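Structure file my_file.txt (compact mmCIF, C-alpha atoms) follows.
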# COMPACT_ATOMS: atom_id res chain seq x y z
CA MET S 1 26.22 -60.51 -94.70
CA GLU S 2 23.90 -57.63 -95.48
CA LYS S 3 22.16 -56.17 -92.45
CA LEU S 4 18.36 -56.46 -92.42
CA LYS S 5 16.56 -53.19 -92.88
CA SER S 6 14.64 -51.86 -89.90
CA THR S 7 11.24 -52.46 -91.37
CA LEU S 8 8.20 -53.67 -89.45
CA PRO S 9 8.20 -57.13 -91.12
CA ASN S 10 11.90 -57.60 -90.35
CA MET S 11 11.43 -56.50 -86.75
CA LEU S 12 8.55 -58.95 -86.32
CA LEU S 13 10.65 -61.72 -87.87
CA SER S 14 13.54 -61.02 -85.49
CA LEU S 15 11.21 -60.91 -82.51
CA THR S 16 9.58 -64.19 -83.53
CA ILE S 17 12.94 -65.94 -83.91
CA THR S 18 14.07 -64.62 -80.52
CA CYS S 19 10.89 -65.85 -78.84
CA VAL S 20 11.17 -69.29 -80.45
CA VAL S 21 14.80 -69.68 -79.38
CA ALA S 22 14.08 -68.46 -75.85
CA GLY S 23 11.10 -70.79 -75.57
CA ALA S 24 13.19 -73.74 -76.70
CA ILE S 25 15.88 -72.94 -74.14
CA LEU S 26 13.35 -72.59 -71.31
CA ALA S 27 11.66 -75.85 -72.29
CA SER S 28 15.01 -77.61 -72.31
CA VAL S 29 15.93 -76.24 -68.89
CA ASN S 30 12.51 -77.21 -67.52
CA ASP S 31 12.92 -80.77 -68.79
CA MET S 32 16.34 -81.02 -67.18
CA THR S 33 15.15 -79.72 -63.78
CA ALA S 34 11.70 -81.33 -63.60
CA GLY S 35 13.13 -84.69 -62.60
CA ALA S 36 15.31 -83.19 -59.90
CA ILE S 37 12.44 -81.14 -58.49
CA ALA S 38 10.14 -84.16 -58.40
CA ALA S 39 12.82 -86.23 -56.69
CA SER S 40 13.37 -83.49 -54.13
CA LYS S 41 9.65 -83.27 -53.33
CA ALA S 42 9.43 -87.07 -53.02
CA ALA S 43 12.40 -87.13 -50.65
CA ALA S 44 10.89 -84.34 -48.54
CA LEU S 45 7.59 -86.23 -48.33
CA GLU S 46 9.29 -89.46 -47.26
CA THR S 47 11.22 -87.56 -44.59
CA ALA S 48 8.01 -85.98 -43.30
CA ILE S 49 6.30 -89.38 -43.12
CA LYS S 50 9.21 -90.86 -41.14
CA GLU S 51 9.03 -87.96 -38.70
CA VAL S 52 5.35 -88.38 -37.85
CA VAL S 53 4.63 -92.12 -37.67
CA PRO S 54 5.99 -95.10 -35.69
CA GLU S 55 8.91 -97.01 -37.19
CA PHE S 56 7.99 -98.95 -40.33
CA ASN S 57 9.65 -101.06 -43.03
CA ASN S 58 7.16 -100.82 -45.90
CA LYS S 59 6.92 -98.09 -48.53
CA PRO S 60 4.04 -95.82 -47.47
CA VAL S 61 4.26 -93.60 -50.55
CA GLU S 62 3.77 -96.55 -52.88
CA GLU S 63 0.86 -97.87 -50.80
CA ALA S 64 -0.87 -94.50 -50.37
CA TYR S 65 -4.58 -94.19 -51.04
CA MET S 66 -7.36 -91.62 -50.66
CA SER S 67 -9.85 -91.61 -47.81
CA ALA S 68 -12.89 -89.39 -47.30
CA ALA S 69 -12.88 -87.00 -44.34
CA SER S 70 -16.10 -86.10 -42.53
CA THR S 71 -16.06 -82.78 -44.41
CA GLY S 72 -16.39 -84.61 -47.71
CA ASP S 73 -12.79 -83.93 -48.73
CA SER S 74 -10.58 -86.78 -49.88
CA LEU S 75 -7.23 -86.93 -48.08
CA ARG S 76 -4.17 -88.97 -48.97
CA ILE S 77 -3.17 -91.56 -46.39
CA TYR S 78 0.25 -93.20 -46.15
CA PRO S 79 -0.02 -96.48 -44.20
CA ALA S 80 3.00 -97.34 -42.05
CA LYS S 81 3.56 -101.07 -41.57
CA MET S 82 6.12 -103.20 -39.78
CA ASP S 83 6.51 -106.63 -41.36
CA GLY S 84 3.11 -106.26 -43.00
CA GLU S 85 1.27 -105.17 -39.85
CA LEU S 86 -0.19 -101.67 -39.67
CA VAL S 87 1.48 -99.58 -36.96
CA GLY S 88 0.05 -96.21 -37.92
CA ALA S 89 -0.45 -93.82 -40.79
CA ALA S 90 0.46 -90.35 -41.96
CA VAL S 91 -2.36 -88.22 -43.33
CA GLU S 92 -1.93 -85.16 -45.54
CA SER S 93 -4.51 -82.59 -44.54
CA PHE S 94 -5.33 -78.92 -44.87
CA SER S 95 -7.44 -76.00 -43.72
CA ASN S 96 -8.48 -72.95 -45.69
CA SER S 97 -9.24 -71.01 -42.51
CA GLY S 98 -5.75 -69.72 -41.76
CA PHE S 99 -5.17 -66.05 -41.04
CA SER S 100 -3.37 -65.78 -44.39
CA GLY S 101 -5.01 -68.61 -46.29
CA GLU S 102 -4.38 -72.32 -46.69
CA ILE S 103 -2.43 -74.38 -44.18
CA ARG S 104 -1.18 -77.85 -45.17
CA VAL S 105 -0.02 -80.41 -42.65
CA ILE S 106 0.85 -84.08 -42.40
CA VAL S 107 -0.32 -85.76 -39.20
CA GLY S 108 0.79 -89.12 -37.86
CA PHE S 109 -1.45 -91.51 -35.91
CA ASN S 110 -0.80 -94.84 -34.24
CA THR S 111 -3.27 -97.71 -34.46
CA GLU S 112 -5.08 -96.44 -31.35
CA GLY S 113 -5.85 -93.20 -33.14
CA LYS S 114 -3.51 -91.13 -31.01
CA ILE S 115 -1.40 -88.39 -32.58
CA THR S 116 2.24 -89.44 -32.80
CA ASN S 117 3.58 -86.27 -34.42
CA TYR S 118 2.87 -83.71 -37.11
CA SER S 119 4.66 -81.47 -39.59
CA VAL S 120 3.48 -78.26 -41.19
CA LEU S 121 4.06 -78.62 -44.93
CA GLN S 122 2.88 -75.17 -46.06
CA HIS S 123 1.49 -71.97 -44.60
CA SER S 124 1.56 -68.21 -45.06
CA GLU S 125 0.82 -67.24 -41.46
CA THR S 126 2.36 -64.22 -39.75
CA PRO S 127 6.04 -64.74 -38.82
CA GLY S 128 6.46 -64.89 -35.06
CA LEU S 129 2.74 -65.50 -34.51
CA GLY S 130 0.85 -68.10 -36.55
CA SER S 131 4.12 -69.45 -37.89
CA LYS S 132 4.84 -70.83 -34.40
CA MET S 133 2.45 -73.70 -35.14
CA GLN S 134 5.36 -75.82 -36.38
CA GLU S 135 6.56 -76.30 -32.79
CA TRP S 136 3.84 -74.85 -30.53
CA PHE S 137 1.50 -77.83 -30.61
CA ARG S 138 4.18 -80.33 -29.69
CA THR S 139 5.74 -78.27 -26.91
CA ASP S 140 5.12 -79.95 -23.55
CA ARG S 141 3.95 -76.87 -21.66
CA ASN S 142 0.54 -76.22 -20.10
CA LYS S 143 -2.02 -77.49 -22.65
CA GLN S 144 -0.10 -76.75 -25.84
CA SER S 145 0.93 -80.22 -26.97
CA ILE S 146 -1.40 -82.45 -28.96
CA ILE S 147 1.14 -85.29 -29.18
CA GLY S 148 -0.25 -88.48 -27.67
CA ARG S 149 -3.78 -87.14 -27.63
CA SER S 150 -6.86 -88.91 -28.89
CA VAL S 151 -8.76 -86.61 -31.22
CA GLY S 152 -12.20 -88.06 -30.54
CA ASP S 153 -14.89 -85.56 -31.48
CA GLY S 154 -12.31 -82.92 -32.36
CA LEU S 155 -9.61 -80.77 -30.81
CA LYS S 156 -10.51 -77.17 -30.01
CA VAL S 157 -8.71 -74.19 -28.53
CA SER S 158 -9.62 -73.23 -24.97
CA LYS S 159 -11.39 -70.09 -26.20
CA ASP S 160 -13.89 -72.32 -28.02
CA GLY S 161 -14.50 -74.61 -25.06
CA GLY S 162 -11.70 -77.05 -25.87
CA ASP S 163 -8.55 -77.92 -23.96
CA VAL S 164 -5.75 -76.86 -26.32
CA ASP S 165 -3.85 -73.65 -25.66
CA ALA S 166 -3.90 -71.44 -28.76
CA ILE S 167 -0.74 -69.75 -29.98
CA THR S 168 -0.49 -66.42 -28.16
CA ALA S 169 -2.14 -63.68 -30.25
CA ALA S 170 -2.80 -66.15 -33.08
CA THR S 171 -6.17 -67.72 -32.39
CA ILE S 172 -7.19 -67.87 -36.05
CA SER S 173 -4.04 -69.75 -37.01
CA SER S 174 -4.50 -72.11 -34.06
CA ARG S 175 -8.09 -72.88 -35.01
CA ALA S 176 -7.08 -73.53 -38.61
CA PHE S 177 -4.26 -75.83 -37.54
CA LEU S 178 -6.57 -77.88 -35.32
CA ASP S 179 -9.16 -77.90 -38.11
CA ALA S 180 -6.56 -79.57 -40.35
CA VAL S 181 -5.68 -82.08 -37.62
CA ASN S 182 -9.34 -82.92 -37.01
CA ARG S 183 -9.88 -83.37 -40.74
CA ALA S 184 -6.88 -85.72 -40.87
CA TYR S 185 -8.25 -87.82 -38.03
CA SER S 186 -11.69 -88.14 -39.58
CA ALA S 187 -10.04 -89.67 -42.65
CA PHE S 188 -7.71 -91.87 -40.61
CA ALA S 189 -10.63 -93.17 -38.55
CA GLN S 190 -11.71 -95.13 -41.63
CA VAL S 191 -8.45 -97.09 -41.84
CA ASP S 192 -8.74 -100.76 -40.91
CA ALA S 193 -6.04 -102.98 -39.42
CA ALA S 194 -4.73 -103.94 -42.84
CA GLY S 195 -4.21 -100.36 -43.87
CA GLY S 196 -7.28 -99.91 -46.05
CA ALA S 197 -10.43 -97.85 -45.67
CA THR S 198 -13.44 -98.97 -43.64
CA SER S 199 -17.00 -97.77 -43.66
CA SER S 200 -16.82 -96.27 -40.17
CA HIS S 201 -17.16 -92.53 -39.75
CA GLN S 202 -16.00 -90.22 -37.01
CA THR S 203 -16.96 -86.62 -36.35
CA GLU S 204 -14.73 -83.61 -36.69
CA GLY S 205 -14.52 -80.47 -34.63
CA GLY S 206 -12.66 -77.21 -34.47
CA ASN S 207 -12.82 -73.45 -36.32
CA SER S 208 -10.03 -65.34 -34.51
CA ASP S 209 -7.69 -62.90 -34.12
CA GLU S 210 -4.05 -62.59 -34.91
Would you mind writing the file's structure down as structure tokens?
Amino acid sequence: MEKLKSTLPNMLLSLTITCVVAGAILASVNDMTAGAIAASKAAALETAIKEVVPEFNNKPVEEAYMSAASTGDSLRIYPAKMDGELVGAAVESFSNSGFSGEIRVIVGFNTEGKITNYSVLQHSETPGLGSKMQEWFRTDRNKQSIIGRSVGDGLKVSKDGGDVDAITAATISSRAFLDAVNRAYSAFAQVDAAGGATSSHQTEGGNSDE
């Protein structure tokens, strides 16, 4: 077959064909992996929910709904039920006040409004400092742990007049973490015994150096 001459039209034609083929390949690969990625994210979410709420036998992800926090944000709530009775809920929450930006957490509450556990879903905090939040606030030492606590009007670090020990040298990260927890509680406070939203409202508290 005769070789195409190196003219501008021919070069543009070759480039166009290459781009079309590459685009088709990438689209095909994306289609093949999208399902697997979605399944992986769903599995990770279900695992996180199981880690933060009391034992349940319903399907919280399928029964999830949005609830307004006192800040005006809408948060997703995953009701945990045992034989149809609400035993708690997991609430996806966030704070934009982290030292390095957004922090996303999922916080579990029992029906008394006490924190049963939490998991940090996403953060960009400083390794060895703010990143310690994943374990710091459930470590039973001094006033670090928030597990079993009632949030009430909001959790605050000691430096702000509260009773929660901030992560050493990471006050900003600690404030942001508690801000996310407080936001989660304000949304959960509107959950009724059946696992739906009520009209009640609770206040939120909490907001630097790292």
Task: Selection near stretch 54-68 of chain S, 9 Å with all atoms listed in the file, sequence-local residues under 5 positions removed, as a ChimeraX atom specification - done: /S:42,45-46,49,73-84,86-90,108-110,116,186-188,190-191,195-197
TODO: Identify, on the basis of all atoms listed in the file, every residue whose closest approach to stretch 150-159 of chain S does not exceed 12 Å; exclude the query and any residue fewer than 6 positions from it along the same chain; express the result as a VMD selection string.
DONE: chain S and resid 70 107 to 116 137 142 to 144 165 to 189 201 to 209
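Across the model, the gap from atom CA of S:Glu92 to atom CA of S:Arg141 is 26.0 Å.
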How big is the axis-aligned box around all listed atoms of stretch 100-103 of chain S once 5 Å goes on each side, and where's its centre, in Å to one decimal, as JSON?
{"center_x": -3.7, "center_y": -70.1, "center_z": -45.4, "size_x": 12.6, "size_y": 18.6, "size_z": 12.5}
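Atom CA of S:Val53 sits 28.3 Å away from atom CA of S:Ser100.
Across the structure, atom CA of S:Arg138 and atom CA of S:Val120 are spaced 11.7 Å apart.
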